[in-house]
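Enquirer: Quick one: the structure is below, and I'll ask about it shortly.
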Amino acid sequence: MKRWLDPEPVVVSPTLAEFVGGHPLVAETLVRRGVHTVEAARAFLNADAYTPTPPAALPNLTRAADRIERAIRDGETICVWGDFDVDGQTATSVLVATLRDLGARVTHYIPLRATESHGIKIPALERVLEQGAQLILTCDTGIDANEAVAYAAARGVNVIVTDHHELPSELPSAYAIVNPHLLPSAHPLASLPGVGVAYKLAEELYSRAGRAEEAAKHLDLAALGIVADVAVLEGDTRYLLQRGLVALRQTERLGLQELMKLARINPTYLSEEHIGFALGPRLNALGRLDDANVIVDFLTTTDLTQARIFASELEALNDRRKILGDQVFAAAQDQIAQNPALLDDAVLVLAAPEWPVGVIGIVANRLVEQYHRPAVLIAISPEGLGHGSARSVEGCHITEALATQHDLLRSYGGHAMAAGLSLLAEDIPAFRRGLARAVRAQIGAAPAQPELQIDGYVSLADLSLDLLADLERLAPFGSGNPPLTLATRDIHVTAHRPLGRDGRHLLLTVEDVEGTARQVVWWRWDGAALPEDAFDLAYTTRVNDFRGQRELQIVWEDARATMPSVAPVLVERPTLELVDYRREPHPLTLLKPLLAAPDLQIWREGPAAADIPGCDRHELVPATTLVIWTLPPGPDVLHAALAKVLPTKVYLFSAGAGLDRLEPFLKYIAGVAKYALKNTAGRVDIPRVAALTANRESAVRLALAWLEAQGHITVVAEGDANEGDGYVLLQAGGDRIDQYADRIAARLGALLDEVSAYRRYFVQAETEVLQTLLLDNGQ
C-alpha cells in the first residue's frame with residue numbers, strides 16, 4: 001500500500017474558474033500544477049493559444065543551421081548520426097527527411113545496440129568517414145563523445161551535436177552543441193527530448209528556405225519521440241505533443257498506419273497512452289533486438305507492401321522482446337530467491353552472462369515497480385565486459401549515483417531516472433557496494449514507502465464519460481502533468497474475476513454506501529490484497545474504445561482501509577493443483593483415463609497433436625480442470641488460456657508442436673496460403689492459423705510477409721483488428737522484393753528460436769517454479 005497525499009487546498013480566482021468552467025477539479029488542478037492565470041490556462045489547454053518559442057532560442061542552433069546551409073549549398077555529404085530508441089529513431093527520421101526536402105546529400109547511421117551501445121564509437125565513425133561523410137550531425141546523442149569529435153576534427157570533419165542528455169563535466173569540441181540543458185531549467189525549451197531538438201532545427205532550416213509551414217509534417221514523429229522518451233510536458237514540449245497527436249491521428253505515413261492496424265488502434269481516438277503502451281514498444285523493439293537504421297525507410301516509405309511487411313516485422317520483434325523480457329525477469333527473480341540478502345541494499349544490482357542487452361532496461365523497470373528501489377541489471381559478455389541498464393525511483397538521481405563509481409565504470413550516462421553503464425564483470429561486487437552507499441546517501445537505507453498523490457475525491461455516481469471528457473482537457477498526460485488520480489471513500493468489492501487475453505489482470509465490481517456500483521480494472525494484478533471490508537479506492541479514469549465502443553474505464557491504483565486503525569481482511573488467493581506429467585515416457589497412456597473426466601478441457605495445438613481430442617486456444621471454455629498437452633509458444637498465450645478456463649487443477653504434458661524451425665514453418669504457411677487461394681477466396685484467419693501451428697500470430701504474419709516478398713502472394717485487404725477481425729485477403733503473385741526476403745526470414749527464424757527456447761524452459765523448469773508461474777499469471 002502507498003502513502004496517500006491528499007490534494008493541497010487551493011484558491012481559484014473567480015476569473016479563472018469562470019474561464020475554465022466545467023467541473024471545479026479542472027481549475028483546481030491547473031492551480032496545483034502552477035497555472036494561475038487565464039492567459040496561462042488558455043495556453044495550457046489550447047495549443048492554438050500557445051506561442052511557440054523561436055528555434056534560435058536554443059543556444060548554438062543558429063550556428064548549426066548556418067553550417068548545415070553551407071553544406072547543402074556546397075554539396076557536402078551530411079551524415080545524421082542517431083540513436084536506436086524511439087526518440088533517436090524519430091529524431092533521425094525528422095532530420096533525414098528535412099535535409100532531403102532541402103536538397104542535401106544525406107546519409108544516416110544508427111549504432112547497433114548489441115555491439116556498439118549508445119554514442120559515437122570511433123570504429124563506426126571511421127567507416128562513416130571512409131564512405132564520404134563531410135559533416136556529422138548527431139541527434140539524441142553525442143554530448144559526451146569527446147574522443148570521437150576530436151577524431152573527426154583531426155580528419156577535417158565538423159561535428160554538430162544536437163542532444164538532450166545531461167551535460168558532462170567536459171563538453172566535446174564540436175562545431176556547435178545544441179542542447180536544452182544549456183538553458184535555465186524554467187525555459188520553455190528546457191525539457192525538449194532529442195526529437196524536440198531535431199524538430200526545432202528542422203523548423204529553422206525550413207524557415208530559412210522560405211518553407212516554414214513544411215516543418216509541421218514531422219509533428220507526428222515528434223509526438224512519438226516525446227512520449228516514448230517520457231519527456232517532461234512543459235512549455236514547447238507539451239505544445240509539440242498537443243499538435244503532434246492531432247497530426248498522428250491523421251498521419252499519411254503508411255508504415256504508421258499499418259502499425260496501428262496491428263496494434264488495434266483506432267487513429268480517431270489515439271492518445272499519448274497508445275504511444276506509450278502500443279506504438280512505442282513496437283518501435284523500440286527494433287532498436288533493442290535488431291538494426292534500427294531501417295526505421296527511416298519505414299517511416300518515409302510510400303509503398304504499401306513495404307509498409308505492411310515492415311510492420312509485420314516490428315510486430316514479430318515486439319513478440320520476441322516480450323518473451324525475452326519474461327525470461328530475464330524470471331531469472332532475476334530466481335537470483336533474488338537464491339540470495340534474499342540482495343534486497344538488504346537500497347539498490348538492487350543483478351548480473352548474468354548472456355542476458356539480452358536489449359531487454360534488461362525493461363526488466364529493471366519491472367523490478368523497480370516490484371521492490372520500490374533503484375535496480376541495475378548487467379549483461380556479461382563472453383569477454384567479461386558487463387553492459388548494464390539502471391532504472392530509479394523518485395528522489396534518487398541514478399546518474400549522479402553512478403558518477404560516484406566512475407573509477408569502476410568503463411562508461412556511463414543518462415538521466416535522473418534511467419542510465420546505461422559498462423564495467424568489467426570482476427568489478428561488479430565492488431560496484432554493488434559502492435552504488436548502494438551512494439543511493440543510501442540520497443534516499444536513506446531502506447526503500448521509502450511509495451507515495452500516491454490524490455488529485456480529488458469524488459463519488460462513484462459522479463463518474464461518467466462527461467466528467468472524463470472534462471478532465472481530459474488537461475491532457476496530454478505524462479511526466480510533469482500526470483493523469484489525475486481520483487479517490488472514492490467507503491466502498492466494497494462485490495465481485496471479481498480475471499480479465500484479458502493473458503489473464504494478468506482483474507475486473508472487479510465495487511459498490512458504495514449509496515448502492516452505486518462500478519466496474520474497476522486492476523492491471524497486472526498480483527492475485528492478492530483484495531479488501532473484504534470497507535475501503536477507500538484510488539484510481540485513474542480513461543476511455544476504453546475497444547472494438548469501437550467508447551466506455552468509461554476505472555483503473556485501480558491503490559486501496560486503504562476506510563478505518564486506518566483496522567487491518568483489512570484479505571481474500572485468500574485461489575489454489576491451483578498441478579499434476580506434472582512433462583517427463584513421463586508414455587504420455588498417451590496417462591492422457592487416456594482423463595478423456596472421460598467431467599468438466600475438463602484438453603488444450604492441444606499443432607499438426608503433431610491433430611489426433612488428440614481437445615481444442616485450441618480459441619475454443620477453450622471455463623472448466624475446473626485443464627490439460628495442457630502442447631507446449632505453449634509463450635507466456636502470454638499460456639496465461640490467455642488460463643484466463644479462459646479458470647481451472648483449479650492443471651495437468652502438464654510436454655508434447656512438441658513440430659513447427660519451431662524456419663523451413664517447416666514457412667512450408668506449412670505456404671500450404672495455408674495455397675489452400676486459401678483455392679478454397680476460401682484468399683481469406684486467411686491469422687489467429688486460427690496461429691493455433692493450427694501452435695505458434696504466435698506475429699510468426700504467421702511474418703511468414704506471409706516472406707511469401708509476399710518472394711512474389712508468391714499479395715495481401716490485398718485486411719480485416720479491422722479493432723473489430724476482432726484478424727484476417728487478411730490474398731491474391732496470387734506479386735512483385736519480388738528480394739532485399740526484404742532475407743531479412744524477414746532472419747527475423748522469423750529468431751522469433752521461432754525464442755518460441756523454441758521458451759518451450760525448452762517450460763519442459764526443464766522445476767515443478768514449483770511452474771506452479772508459481774501459473775498462479776502469478778506471469779507477473
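Every chain in the C-alpha cells has a letter given in the order shown (A, B, ...), and although residue numbers restart at 1 in each chain, ligands are simply numbered from 1 in the order shown.
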Leaving out Leu774 of chain A and any residue of its chain fewer than 5 positions from it, which residues lie within 10 Å of it when counting only C-alpha atoms, given as a PyMOL selection string?

Expert: chain A and resi 576+578+635+638-639+642+650+768-769+779

Enquirer: Those same residues - N, CA, C and O atoms - I'd like them written as a CSV table (one decimal), in the first residue's frame.

Expert:
chain,number,residue,atom,x,y,z
A,576,LEU,N,-4.1,-23.7,-6.9
A,576,LEU,CA,-4.1,-24.4,-8.2
A,576,LEU,C,-3.3,-25.7,-8.0
A,576,LEU,O,-2.2,-25.7,-7.7
A,578,LEU,N,-1.5,-28.9,-9.3
A,578,LEU,CA,-0.7,-29.1,-10.5
A,578,LEU,C,-0.2,-30.6,-10.6
A,578,LEU,O,0.4,-31.1,-9.6
A,635,PRO,N,4.6,-17.0,-22.8
A,635,PRO,CA,3.8,-16.9,-21.5
A,635,PRO,C,2.5,-16.2,-21.7
A,635,PRO,O,1.5,-16.5,-21.0
A,638,LEU,N,0.0,-18.8,-22.9
A,638,LEU,CA,-0.3,-19.6,-21.7
A,638,LEU,C,-1.3,-18.9,-20.8
A,638,LEU,O,-2.3,-19.5,-20.4
A,639,HIS,N,-1.1,-17.7,-20.4
A,639,HIS,CA,-1.9,-17.0,-19.5
A,639,HIS,C,-3.3,-16.7,-20.1
A,639,HIS,O,-4.3,-16.7,-19.3
A,642,LEU,N,-5.2,-19.9,-19.5
A,642,LEU,CA,-5.6,-20.0,-18.1
A,642,LEU,C,-6.8,-19.0,-17.8
A,642,LEU,O,-7.7,-19.4,-17.0
A,650,VAL,N,-4.6,-28.4,-13.0
A,650,VAL,CA,-3.9,-28.4,-14.3
A,650,VAL,C,-3.0,-29.7,-14.4
A,650,VAL,O,-2.2,-29.9,-13.6
A,768,GLU,N,7.8,-26.5,-8.9
A,768,GLU,CA,7.5,-25.4,-8.1
A,768,GLU,C,7.5,-24.1,-8.8
A,768,GLU,O,6.8,-23.2,-8.5
A,769,VAL,N,8.5,-24.0,-9.7
A,769,VAL,CA,8.6,-22.7,-10.5
A,769,VAL,C,7.4,-22.6,-11.4
A,769,VAL,O,6.8,-21.5,-11.5
A,779,GLN,N,3.3,-12.6,-13.6
A,779,GLN,CA,3.8,-11.4,-13.1
A,779,GLN,C,5.2,-11.6,-12.6
A,779,GLN,O,5.5,-12.6,-12.0

Enquirer: Determine which residues of segment 1-116 of chain A DSSP labels as strand (DSSP E) from the backbone of this structure, then write them out as a ChimeraX atom specification.

Expert: /A:3-5,77-81,105-109

Enquirer: What are the closest atom pairs, with distances in Å to one decimal, for each residue of segment 371-466 of chain A lying within 12 Å of segment 335-346 of chain A, using only C-alpha atoms, rows by chain and rising residue number, as JSON lines?

Expert:
{"residue": "A:Tyr371", "atom": "CA", "partner": "A:Leu343", "partner_atom": "CA", "distance": 8.3}
{"residue": "A:His372", "atom": "CA", "partner": "A:Ala346", "partner_atom": "CA", "distance": 9.4}
{"residue": "A:Arg373", "atom": "CA", "partner": "A:Ala346", "partner_atom": "CA", "distance": 6.3}
{"residue": "A:Pro374", "atom": "CA", "partner": "A:Ala346", "partner_atom": "CA", "distance": 7.4}
{"residue": "A:Ala375", "atom": "CA", "partner": "A:Ala346", "partner_atom": "CA", "distance": 9.2}
{"residue": "A:Val376", "atom": "CA", "partner": "A:Ala346", "partner_atom": "CA", "distance": 11.5}
{"residue": "A:Leu377", "atom": "CA", "partner": "A:Gln335", "partner_atom": "CA", "distance": 11.6}
{"residue": "A:Ser392", "atom": "CA", "partner": "A:Ala346", "partner_atom": "CA", "distance": 10.9}
{"residue": "A:Val393", "atom": "CA", "partner": "A:Ala346", "partner_atom": "CA", "distance": 10.9}
{"residue": "A:Cys396", "atom": "CA", "partner": "A:Ala346", "partner_atom": "CA", "distance": 10.5}
{"residue": "A:Ala401", "atom": "CA", "partner": "A:Ala346", "partner_atom": "CA", "distance": 11.8}
{"residue": "A:Pro429", "atom": "CA", "partner": "A:Leu342", "partner_atom": "CA", "distance": 11.3}
{"residue": "A:Arg432", "atom": "CA", "partner": "A:Asp345", "partner_atom": "CA", "distance": 8.9}
{"residue": "A:Arg433", "atom": "CA", "partner": "A:Asp345", "partner_atom": "CA", "distance": 8.5}
{"residue": "A:Gly434", "atom": "CA", "partner": "A:Asp345", "partner_atom": "CA", "distance": 10.7}
{"residue": "A:Leu435", "atom": "CA", "partner": "A:Ala346", "partner_atom": "CA", "distance": 8.9}
{"residue": "A:Ala436", "atom": "CA", "partner": "A:Ala346", "partner_atom": "CA", "distance": 5.7}
{"residue": "A:Arg437", "atom": "CA", "partner": "A:Ala346", "partner_atom": "CA", "distance": 8.1}
{"residue": "A:Ala438", "atom": "CA", "partner": "A:Ala346", "partner_atom": "CA", "distance": 9.2}
{"residue": "A:Val439", "atom": "CA", "partner": "A:Ala346", "partner_atom": "CA", "distance": 6.4}
{"residue": "A:Arg440", "atom": "CA", "partner": "A:Ala346", "partner_atom": "CA", "distance": 6.0}
{"residue": "A:Ala441", "atom": "CA", "partner": "A:Ala346", "partner_atom": "CA", "distance": 9.7}
{"residue": "A:Gln442", "atom": "CA", "partner": "A:Ala346", "partner_atom": "CA", "distance": 9.9}
{"residue": "A:Ile443", "atom": "CA", "partner": "A:Ala346", "partner_atom": "CA", "distance": 8.2}
{"residue": "A:Gly444", "atom": "CA", "partner": "A:Ala346", "partner_atom": "CA", "distance": 7.5}
{"residue": "A:Ala445", "atom": "CA", "partner": "A:Ala346", "partner_atom": "CA", "distance": 5.6}
{"residue": "A:Ala446", "atom": "CA", "partner": "A:Ala346", "partner_atom": "CA", "distance": 5.7}
{"residue": "A:Pro447", "atom": "CA", "partner": "A:Ala346", "partner_atom": "CA", "distance": 6.1}
{"residue": "A:Ala448", "atom": "CA", "partner": "A:Ala346", "partner_atom": "CA", "distance": 9.5}

Enquirer: Using the selection just defined, write its residues with N, CA, C and O atoms as a tab-separated table (two decimals), in the first residue's frame.

Expert:
chain	number	residue	atom	x	y	z
A	371	TYR	N	9.94	-3.80	-6.20
A	371	TYR	CA	10.71	-3.70	-4.97
A	371	TYR	C	10.91	-2.26	-4.49
A	371	TYR	O	11.54	-2.03	-3.46
A	372	HIS	N	10.41	-1.29	-5.24
A	372	HIS	CA	10.39	0.11	-4.81
A	372	HIS	C	11.80	0.62	-4.46
A	372	HIS	O	11.99	1.29	-3.45
A	373	ARG	N	12.75	0.31	-5.28
A	373	ARG	CA	14.12	0.81	-5.11
A	373	ARG	C	14.77	0.82	-6.49
A	373	ARG	O	14.31	0.15	-7.42
A	374	PRO	N	15.86	1.59	-6.67
A	374	PRO	CA	16.55	1.55	-7.95
A	374	PRO	C	17.03	0.13	-8.26
A	374	PRO	O	17.33	-0.65	-7.35
A	375	ALA	N	17.10	-0.20	-9.54
A	375	ALA	CA	17.55	-1.52	-9.97
A	375	ALA	C	18.52	-1.37	-11.13
A	375	ALA	O	18.33	-0.53	-12.01
A	376	VAL	N	19.56	-2.19	-11.11
A	376	VAL	CA	20.55	-2.23	-12.18
A	376	VAL	C	20.68	-3.67	-12.64
A	376	VAL	O	20.96	-4.56	-11.82
A	377	LEU	N	20.48	-3.93	-13.91
A	377	LEU	CA	20.69	-5.25	-14.49
A	377	LEU	C	21.88	-5.19	-15.43
A	377	LEU	O	21.97	-4.26	-16.26
A	392	SER	N	15.42	4.04	-11.82
A	392	SER	CA	15.43	4.59	-10.47
A	392	SER	C	14.03	4.91	-9.97
A	392	SER	O	13.03	4.62	-10.64
A	393	VAL	N	13.98	5.47	-8.78
A	393	VAL	CA	12.74	5.89	-8.14
A	393	VAL	C	12.82	7.39	-7.89
A	393	VAL	O	13.91	7.99	-7.93
A	396	CYS	N	15.88	9.69	-6.21
A	396	CYS	CA	17.24	9.17	-6.43
A	396	CYS	C	17.67	9.48	-7.85
A	396	CYS	O	17.10	8.93	-8.81
A	401	ALA	N	24.33	9.05	-8.87
A	401	ALA	CA	24.80	7.93	-8.05
A	401	ALA	C	25.87	7.13	-8.79
A	401	ALA	O	26.88	6.72	-8.20
A	429	PRO	N	30.95	-6.78	-7.83
A	429	PRO	CA	30.71	-6.75	-6.38
A	429	PRO	C	31.08	-5.41	-5.74
A	429	PRO	O	30.32	-4.88	-4.92
A	432	ARG	N	28.49	-2.88	-6.72
A	432	ARG	CA	27.24	-3.04	-5.96
A	432	ARG	C	27.34	-2.36	-4.60
A	432	ARG	O	26.44	-1.64	-4.18
A	433	ARG	N	28.46	-2.57	-3.92
A	433	ARG	CA	28.63	-1.98	-2.59
A	433	ARG	C	28.72	-0.46	-2.67
A	433	ARG	O	28.08	0.27	-1.89
A	434	GLY	N	29.49	0.03	-3.62
A	434	GLY	CA	29.66	1.48	-3.74
A	434	GLY	C	28.38	2.19	-4.16
A	434	GLY	O	28.05	3.26	-3.65
A	435	LEU	N	27.64	1.58	-5.11
A	435	LEU	CA	26.41	2.21	-5.57
A	435	LEU	C	25.38	2.21	-4.44
A	435	LEU	O	24.61	3.17	-4.30
A	436	ALA	N	25.36	1.15	-3.64
A	436	ALA	CA	24.42	1.11	-2.51
A	436	ALA	C	24.69	2.25	-1.55
A	436	ALA	O	23.76	2.89	-1.04
A	437	ARG	N	25.96	2.54	-1.30
A	437	ARG	CA	26.30	3.67	-0.42
A	437	ARG	C	25.82	4.98	-1.03
A	437	ARG	O	25.27	5.84	-0.33
A	438	ALA	N	26.01	5.15	-2.34
A	438	ALA	CA	25.60	6.39	-3.00
A	438	ALA	C	24.09	6.56	-2.98
A	438	ALA	O	23.57	7.67	-2.77
A	439	VAL	N	23.36	5.48	-3.19
A	439	VAL	CA	21.90	5.56	-3.18
A	439	VAL	C	21.40	5.83	-1.76
A	439	VAL	O	20.49	6.65	-1.55
A	440	ARG	N	22.02	5.17	-0.77
A	440	ARG	CA	21.62	5.42	0.62
A	440	ARG	C	21.82	6.88	0.98
A	440	ARG	O	21.03	7.47	1.72
A	441	ALA	N	22.87	7.48	0.46
A	441	ALA	CA	23.14	8.89	0.76
A	441	ALA	C	22.03	9.79	0.20
A	441	ALA	O	21.77	10.87	0.74
A	442	GLN	N	21.37	9.34	-0.86
A	442	GLN	CA	20.31	10.14	-1.45
A	442	GLN	C	18.94	9.87	-0.84
A	442	GLN	O	18.17	10.80	-0.59
A	443	ILE	N	18.62	8.60	-0.58
A	443	ILE	CA	17.25	8.28	-0.18
A	443	ILE	C	17.15	7.54	1.14
A	443	ILE	O	16.05	7.20	1.58
A	444	GLY	N	18.28	7.24	1.79
A	444	GLY	CA	18.23	6.51	3.05
A	444	GLY	C	18.48	5.03	2.85
A	444	GLY	O	18.56	4.53	1.73
A	445	ALA	N	18.58	4.32	3.96
A	445	ALA	CA	18.97	2.92	3.92
A	445	ALA	C	17.87	2.02	3.37
A	445	ALA	O	18.15	1.07	2.64
A	446	ALA	N	16.63	2.27	3.74
A	446	ALA	CA	15.53	1.40	3.33
A	446	ALA	C	14.70	2.08	2.25
A	446	ALA	O	14.59	3.31	2.23
A	447	PRO	N	14.13	1.31	1.35
A	447	PRO	CA	13.26	1.92	0.34
A	447	PRO	C	12.11	2.67	1.00
A	447	PRO	O	11.48	2.17	1.94
A	448	ALA	N	11.88	3.87	0.57
A	448	ALA	CA	10.79	4.67	1.13
A	448	ALA	C	9.44	4.09	0.68
A	448	ALA	O	9.33	3.50	-0.39

Enquirer: Counting only C-alpha atoms, which of A:Lys261, A:Lys674, A:His415, A:Arg760 gets nearest to Ala732 of chain A?

Expert: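 That would be A:Lys674, the residue with the smallest distance to Ala732 of chain A.
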
Enquirer: As a tab-separated table (two decimals) with all heavy atoms, in the first residue's frame, please: the residues near Gly682 of chain A (cut-off 12 Å, only C-alpha atoms, same-chain neighbours under 3 positions excluded).

Expert:
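Contents of part.tsv, as written:
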chain	number	residue	atom	x	y	z
A	672	VAL	N	-0.95	-23.16	-46.35
A	672	VAL	CA	-2.15	-22.45	-45.90
A	672	VAL	C	-2.56	-21.41	-46.95
A	672	VAL	O	-3.74	-21.28	-47.28
A	672	VAL	CB	-1.90	-21.78	-44.54
A	672	VAL	CG1	-3.02	-20.80	-44.20
A	672	VAL	CG2	-1.76	-22.82	-43.44
A	673	ALA	N	-1.57	-20.66	-47.45
A	673	ALA	CA	-1.87	-19.64	-48.46
A	673	ALA	C	-2.41	-20.28	-49.74
A	673	ALA	O	-3.38	-19.77	-50.34
A	673	ALA	CB	-0.61	-18.83	-48.76
A	674	LYS	N	-1.81	-21.39	-50.14
A	674	LYS	CA	-2.27	-22.08	-51.35
A	674	LYS	C	-3.71	-22.56	-51.18
A	674	LYS	O	-4.55	-22.40	-52.08
A	674	LYS	CB	-1.34	-23.25	-51.64
A	674	LYS	CG	-1.66	-23.99	-52.94
A	674	LYS	CD	-0.64	-25.08	-53.20
A	674	LYS	CE	-0.95	-25.83	-54.50
A	674	LYS	NZ	0.05	-26.91	-54.74
A	675	TYR	N	-4.00	-23.12	-50.02
A	675	TYR	CA	-5.37	-23.58	-49.74
A	675	TYR	C	-6.35	-22.41	-49.76
A	675	TYR	O	-7.46	-22.51	-50.31
A	675	TYR	CB	-5.40	-24.28	-48.39
A	675	TYR	CG	-6.78	-24.75	-47.98
A	675	TYR	CD1	-7.25	-26.01	-48.37
A	675	TYR	CD2	-7.62	-23.93	-47.23
A	675	TYR	CE1	-8.53	-26.43	-48.02
A	675	TYR	CE2	-8.90	-24.35	-46.87
A	675	TYR	CZ	-9.35	-25.60	-47.26
A	675	TYR	OH	-10.60	-26.01	-46.91
A	676	ALA	N	-5.95	-21.29	-49.15
A	676	ALA	CA	-6.85	-20.13	-49.09
A	676	ALA	C	-7.15	-19.59	-50.48
A	676	ALA	O	-8.29	-19.24	-50.79
A	676	ALA	CB	-6.23	-19.05	-48.21
A	677	LEU	N	-6.14	-19.53	-51.33
A	677	LEU	CA	-6.34	-19.02	-52.69
A	677	LEU	C	-7.28	-19.92	-53.48
A	677	LEU	O	-8.07	-19.44	-54.31
A	677	LEU	CB	-4.99	-18.91	-53.40
A	677	LEU	CG	-4.06	-17.80	-52.89
A	677	LEU	CD1	-2.66	-17.97	-53.48
A	677	LEU	CD2	-4.62	-16.42	-53.23
A	678	LYS	N	-7.26	-21.22	-53.18
A	678	LYS	CA	-8.06	-22.17	-53.94
A	678	LYS	C	-9.47	-22.33	-53.38
A	678	LYS	O	-10.43	-22.52	-54.13
A	678	LYS	CB	-7.36	-23.53	-53.95
A	678	LYS	CG	-8.07	-24.58	-54.80
A	678	LYS	CD	-7.27	-25.88	-54.83
A	678	LYS	CE	-7.98	-26.93	-55.67
A	678	LYS	NZ	-7.22	-28.21	-55.70
A	679	ASN	N	-9.60	-22.22	-52.03
A	679	ASN	CA	-10.86	-22.64	-51.41
A	679	ASN	C	-11.61	-21.56	-50.64
A	679	ASN	O	-12.81	-21.71	-50.41
A	679	ASN	CB	-10.59	-23.81	-50.45
A	679	ASN	CG	-10.05	-25.03	-51.16
A	679	ASN	OD1	-10.78	-25.73	-51.85
A	679	ASN	ND2	-8.76	-25.29	-50.99
A	685	ASP	N	-7.38	-16.60	-41.82
A	685	ASP	CA	-7.69	-16.19	-40.45
A	685	ASP	C	-6.41	-16.36	-39.62
A	685	ASP	O	-6.05	-17.48	-39.24
A	685	ASP	CB	-8.82	-17.04	-39.90
A	685	ASP	CG	-9.30	-16.56	-38.54
A	685	ASP	OD1	-8.46	-16.06	-37.77
A	685	ASP	OD2	-10.49	-16.70	-38.25
A	713	ILE	N	2.60	-14.18	-53.23
A	713	ILE	CA	1.26	-13.69	-52.91
A	713	ILE	C	1.31	-12.17	-52.78
A	713	ILE	O	2.39	-11.58	-52.68
A	713	ILE	CB	0.71	-14.28	-51.59
A	713	ILE	CG1	1.63	-13.88	-50.41
A	713	ILE	CG2	0.54	-15.79	-51.68
A	713	ILE	CD1	1.08	-14.20	-49.05
A	714	THR	N	0.13	-11.57	-52.76
A	714	THR	CA	-0.01	-10.16	-52.41
A	714	THR	C	-1.17	-10.04	-51.44
A	714	THR	O	-2.24	-10.62	-51.66
A	714	THR	CB	-0.32	-9.30	-53.66
A	714	THR	OG1	0.78	-9.41	-54.58
A	714	THR	CG2	-0.49	-7.83	-53.27
A	715	VAL	N	-0.95	-9.33	-50.34
A	715	VAL	CA	-2.03	-9.06	-49.40
A	715	VAL	C	-2.82	-7.88	-49.96
A	715	VAL	O	-2.29	-6.78	-50.12
A	715	VAL	CB	-1.49	-8.74	-48.00
A	715	VAL	CG1	-2.64	-8.36	-47.06
A	715	VAL	CG2	-0.73	-9.93	-47.44
A	716	VAL	N	-4.09	-8.10	-50.25
A	716	VAL	CA	-4.89	-7.06	-50.89
A	716	VAL	C	-5.87	-6.39	-49.93
A	716	VAL	O	-6.41	-5.32	-50.22
A	716	VAL	CB	-5.67	-7.62	-52.10
A	716	VAL	CG1	-4.69	-8.05	-53.18
A	716	VAL	CG2	-6.56	-8.79	-51.69
A	717	ALA	N	-6.12	-7.01	-48.77
A	717	ALA	CA	-7.04	-6.41	-47.80
A	717	ALA	C	-6.81	-7.05	-46.44
A	717	ALA	O	-6.26	-8.15	-46.34
A	717	ALA	CB	-8.50	-6.61	-48.23
A	718	GLU	N	-7.21	-6.33	-45.41
A	718	GLU	CA	-7.10	-6.83	-44.05
A	718	GLU	C	-8.39	-6.55	-43.31
A	718	GLU	O	-9.06	-5.53	-43.54
A	718	GLU	CB	-5.94	-6.16	-43.30
A	718	GLU	CG	-4.58	-6.41	-43.90
A	718	GLU	CD	-3.48	-5.75	-43.08
A	718	GLU	OE1	-3.37	-6.06	-41.88
A	718	GLU	OE2	-2.76	-4.92	-43.63
A	727	TYR	N	-8.01	-11.16	-40.00
A	727	TYR	CA	-7.77	-11.92	-41.22
A	727	TYR	C	-7.12	-11.04	-42.28
A	727	TYR	O	-7.11	-9.81	-42.18
A	727	TYR	CB	-9.09	-12.48	-41.77
A	727	TYR	CG	-10.02	-11.43	-42.34
A	727	TYR	CD1	-9.91	-11.00	-43.66
A	727	TYR	CD2	-11.01	-10.85	-41.56
A	727	TYR	CE1	-10.74	-10.03	-44.19
A	727	TYR	CE2	-11.86	-9.87	-42.07
A	727	TYR	CZ	-11.72	-9.48	-43.38
A	727	TYR	OH	-12.54	-8.50	-43.90
A	728	VAL	N	-6.54	-11.70	-43.29
A	728	VAL	CA	-6.04	-11.00	-44.46
A	728	VAL	C	-6.62	-11.68	-45.69
A	728	VAL	O	-6.99	-12.86	-45.66
A	728	VAL	CB	-4.50	-11.01	-44.54
A	728	VAL	CG1	-3.90	-10.21	-43.39
A	728	VAL	CG2	-3.93	-12.43	-44.53
A	729	LEU	N	-6.70	-10.92	-46.78
A	729	LEU	CA	-7.13	-11.47	-48.07
A	729	LEU	C	-5.93	-11.48	-49.00
A	729	LEU	O	-5.24	-10.46	-49.15
A	729	LEU	CB	-8.26	-10.64	-48.67
A	729	LEU	CG	-9.61	-10.70	-47.93
A	729	LEU	CD1	-10.63	-9.83	-48.65
A	729	LEU	CD2	-10.12	-12.13	-47.84
A	730	LEU	N	-5.69	-12.63	-49.64
A	730	LEU	CA	-4.53	-12.79	-50.51
A	730	LEU	C	-4.98	-12.93	-51.96
A	730	LEU	O	-6.09	-13.37	-52.25
A	730	LEU	CB	-3.75	-14.06	-50.12
A	730	LEU	CG	-3.42	-14.29	-48.65
A	730	LEU	CD1	-2.69	-15.61	-48.48
A	730	LEU	CD2	-2.60	-13.14	-48.10
A	731	GLN	N	-4.07	-12.55	-52.84
A	731	GLN	CA	-4.20	-12.93	-54.24
A	731	GLN	C	-2.86	-13.49	-54.69
A	731	GLN	O	-1.82	-13.19	-54.11
A	731	GLN	CB	-4.63	-11.76	-55.12
A	731	GLN	CG	-3.60	-10.67	-55.30
A	731	GLN	CD	-4.09	-9.55	-56.21
A	731	GLN	OE1	-5.29	-9.36	-56.38
A	731	GLN	NE2	-3.17	-8.79	-56.77
A	732	ALA	N	-2.90	-14.33	-55.70
A	732	ALA	CA	-1.68	-14.99	-56.15
A	732	ALA	C	-0.76	-14.02	-56.87
A	732	ALA	O	-1.21	-13.09	-57.55
A	732	ALA	CB	-2.03	-16.16	-57.06
A	733	GLY	N	0.55	-14.23	-56.70
A	733	GLY	CA	1.55	-13.46	-57.43
A	733	GLY	C	1.79	-12.09	-56.84
A	733	GLY	O	1.11	-11.64	-55.92

Enquirer: A:Leu704, A:Ile78, A:Leu591, A:Val296: which is nearest Arg308 of chain A, counting only C-alpha atoms?

Expert: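 Answer, going by the shortest atom-to-atom distance: A:Leu704.
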
Enquirer: Would you mind listing what lies within 12 Å of Glu584 of chain A as a list in words, with only C-alpha atoms counted and same-chain residues fewer than 5 positions away left out?

Expert: Val579, Thr589, Leu590, Leu591, Leu652, Phe653, Ser654, Ala655 and Val763 of chain A

Enquirer: Which residues are near segment 504-517 of chain A? Cut-off 7 Å, only C-alpha atoms, ignore same chain within fewer than 3 positions. Put them as a list in words.

Expert: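 Here the qualifying residues turn out to be Leu460, Ala461, Asp490, Ile491, His492, Val493, Thr494, Ala495, His496, Arg497, Pro498, Leu499, Gly500, Val520, Val521, Trp522, Trp523, Arg524, Trp525, Asn777 and Gly778 of chain A.
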
Enquirer: With only C-alpha atoms as the counted atoms, please give the residues lying no more than 12 Å from Leu95 of chain A, apart from itself and same-chain residues fewer than 4 positions off, as a PyMOL selection string.

Expert: chain A and resi 65+68+78-82+88-91+99-102+104+106-109+136-140+162+194-206+215+218+221-222+296+300
